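Here the structure comes first, spelled out in structure tokens, and everything after it is commentary.
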Amino acid sequence: MLNVNLDEVKGIAILEPNEKLSQNDFEAASKVIDPYIEKVGKLNGIIVHVKSFPGWDSFGALVKHLKFVKEHHKNVSRVAFATDSPIGSFAEHVASHFVNAAIKHFSFDQLEDAKKWISGGDKS
């Protein structure tokens with residue numbers, strides 16, 4: 001399951017997977033995030049907050065994840081990975097070539113730093 005918490009005041013969505021990601025997880029995330037983007041025009045940022053990345057439960061879930069990124073990356077200014085998983089560093093260095101959003105990796109315990117960075121309080 002993917003928990004999605006949207007801070008509408010700061011325009012930040014925090015995504016917290018607690019098991020392998022499914023196609024339904026990305027559909028549920030879209031139902032939370034899309035109305036906000038339609039109303040405001042963009043999302044300041046997304047934070048993926050997970051100690052260790054759980055992966056996907058199927059190839060279809062991976063495809064749905066890629067489609068989610070494709071449909072949302074132009075409407076998101078920054079993406080933070082607050083994780084101790086190696087995927088955080090990978091995403092920071094590789095995904096930045098494929099999406100418009102700025103991407104930065106933080107350790108799992110640096111969730112508040114990730115929020116601050118997305119809000120523009122940390123320009124680095």
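Chain labels follow the order of the structure tokens: the first chain is A, the next B, and so on; residue numbering restarts at 1 in every chain, and ligands are counted from 1 in their shown order.
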
Taking the chain letters and numbering used in this document, name the residues of chain A that DSSP puts in helix (DSSP H, G or I), as a PyMOL selection string.
-> chain A and resi 23-40+59-75+87-97+108-118

For Asp109 of chain A, work out the shell of residues within 12 Å, counting only C-alpha atoms and skipping chain neighbours fewer than 4 positions away, then give it as a ChimeraX atom specification.
-> /A:49-51,81-84,105,113-115

Show which residues sit within 8 Å of segment 38-42 of chain A, as a ChimeraX atom specification. Count only C-alpha atoms, and ignore same-chain residues fewer than 2 positions away.
-> /A:34-36,44,75-77

How many Å separate atom CA of Asn100 of chain A from atom CA of Lys20 of chain A?
->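 Distance between the two atoms: 26.2 Å.
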
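In the backbone-derived DSSP annotation, strand (DSSP E) within segment 14-119 of chain A comprises Ile14, Leu15, Glu16, Pro17, Leu43, Asn44, Gly45, Ile46, Ile47, Val48, His49, Val50, Val76, Ser77, Arg78, Val79, Ala80, Phe81, Ala82, Thr83, Ala102, Ile103, Lys104, His105 and Phe106 of chain A.
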
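The gap separating atom CA of Gly120 of chain A from atom CA of Leu21 of chain A is 29.4 Å, in Å to one decimal.
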
Among A:His72, A:Pro86, A:Gln110, A:Val32, Ala13 of chain A is approached most closely, using only C-alpha atoms, by A:Val32

What lies within 8 Å of Ile46 of chain A using only C-alpha atoms, ignoring chain neighbours under 5 positions off, as a PyMOL selection string?
-> chain A and resi 12-15+76+78-80

May I have the residues from that selection written out with C-alpha atoms, as an mmCIF file, in the first residue's frame?
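Contents of selection30.cif, as written:
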```cif
data_model
loop_
_atom_site.group_PDB
_atom_site.id
_atom_site.type_symbol
_atom_site.label_atom_id
_atom_site.label_comp_id
_atom_site.auth_asym_id
_atom_site.auth_seq_id
_atom_site.Cartn_x
_atom_site.Cartn_y
_atom_site.Cartn_z
ATOM 1 C CA ILE A 12 3.765 18.951 -0.945
ATOM 2 C CA ALA A 13 2.677 15.339 -1.383
ATOM 3 C CA ILE A 14 4.420 12.760 0.792
ATOM 4 C CA LEU A 15 4.331 9.231 -0.604
ATOM 5 C CA VAL A 76 5.913 19.158 -10.007
ATOM 6 C CA ARG A 78 10.879 19.292 -6.935
ATOM 7 C CA VAL A 79 11.076 15.630 -5.974
ATOM 8 C CA ALA A 80 12.864 14.498 -2.816
#
```

Find the spatial neighbours of segment 4-6 of chain A, counting only C-alpha atoms, within a cut-off of 10 Å - ignore same-chain residues fewer than 2 positions away - and output them as a list in words.
->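 Once the nearby chain positions are removed, what remains is Met1, Leu2, Glu8, Val9, Lys10, Gly11, Ile12, Ala13, Ile14, Leu15, Glu16, Pro17, Asp25, Phe26, Ala28, Ala29, Ser30, Lys31, Val32, Ile33, Tyr36, Leu43, Ile46, Ile47 and Val48 of chain A.
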
Write the residues of the selection above to a file with N, CA and C atoms, as a CSV table (one decimal), in the first residue's frame.
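So selection_26.csv came out as:
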```csv
chain,number,residue,atom,x,y,z
A,1,MET,N,0.8,-1.2,0.0
A,1,MET,CA,0.0,0.0,0.0
A,1,MET,C,0.9,1.2,0.0
A,2,LEU,N,0.4,2.3,-0.7
A,2,LEU,CA,1.1,3.6,-0.7
A,2,LEU,C,0.3,4.6,0.0
A,8,GLU,N,-1.8,20.7,1.5
A,8,GLU,CA,-2.4,21.7,0.5
A,8,GLU,C,-1.8,23.1,0.7
A,9,VAL,N,-1.5,23.4,1.9
A,9,VAL,CA,-0.9,24.7,2.2
A,9,VAL,C,0.5,24.9,1.6
A,10,LYS,N,1.3,23.9,1.8
A,10,LYS,CA,2.7,23.9,1.2
A,10,LYS,C,2.8,23.4,-0.2
A,11,GLY,N,1.8,22.7,-0.6
A,11,GLY,CA,1.8,22.1,-2.0
A,11,GLY,C,2.8,20.9,-2.0
A,12,ILE,N,2.8,20.1,-1.0
A,12,ILE,CA,3.8,19.0,-0.9
A,12,ILE,C,3.0,17.7,-0.7
A,13,ALA,N,3.3,16.7,-1.6
A,13,ALA,CA,2.7,15.3,-1.4
A,13,ALA,C,3.8,14.4,-0.9
A,14,ILE,N,3.5,13.7,0.2
A,14,ILE,CA,4.4,12.8,0.8
A,14,ILE,C,3.9,11.4,0.5
A,15,LEU,N,4.7,10.6,-0.2
A,15,LEU,CA,4.3,9.2,-0.6
A,15,LEU,C,5.1,8.3,0.2
A,16,GLU,N,4.5,7.4,1.0
A,16,GLU,CA,5.1,6.4,1.9
A,16,GLU,C,4.7,5.0,1.6
A,17,PRO,N,5.4,4.3,0.7
A,17,PRO,CA,5.1,2.9,0.5
A,17,PRO,C,5.5,2.0,1.6
A,25,ASP,N,-2.0,1.5,-6.3
A,25,ASP,CA,-1.4,2.5,-5.6
A,25,ASP,C,-1.2,3.8,-6.4
A,26,PHE,N,-0.8,3.7,-7.6
A,26,PHE,CA,-0.6,4.9,-8.4
A,26,PHE,C,-2.0,5.5,-8.9
A,28,ALA,N,-4.6,5.5,-6.9
A,28,ALA,CA,-5.0,6.2,-5.7
A,28,ALA,C,-4.2,7.5,-5.5
A,29,ALA,N,-3.0,7.4,-5.7
A,29,ALA,CA,-2.1,8.7,-5.6
A,29,ALA,C,-2.6,9.7,-6.6
A,30,SER,N,-3.0,9.4,-7.8
A,30,SER,CA,-3.5,10.3,-8.8
A,30,SER,C,-4.8,10.9,-8.3
A,31,LYS,N,-5.6,10.2,-7.6
A,31,LYS,CA,-6.9,10.7,-7.1
A,31,LYS,C,-6.7,11.7,-6.0
A,32,VAL,N,-5.6,11.7,-5.3
A,32,VAL,CA,-5.3,12.7,-4.3
A,32,VAL,C,-4.6,13.9,-4.9
A,33,ILE,N,-3.7,13.6,-5.8
A,33,ILE,CA,-2.8,14.7,-6.3
A,33,ILE,C,-3.4,15.5,-7.5
A,36,TYR,N,-5.7,18.6,-6.8
A,36,TYR,CA,-4.9,19.7,-6.3
A,36,TYR,C,-4.2,20.4,-7.5
A,43,LEU,N,2.3,21.3,-8.3
A,43,LEU,CA,2.6,20.8,-7.0
A,43,LEU,C,4.0,21.3,-6.7
A,46,ILE,N,7.1,16.5,-4.4
A,46,ILE,CA,6.7,15.2,-3.9
A,46,ILE,C,7.9,14.7,-3.1
A,47,ILE,N,7.6,14.1,-2.0
A,47,ILE,CA,8.6,13.4,-1.2
A,47,ILE,C,8.3,12.0,-1.1
A,48,VAL,N,9.2,11.1,-1.6
A,48,VAL,CA,9.1,9.7,-1.4
A,48,VAL,C,9.8,9.4,-0.1
```
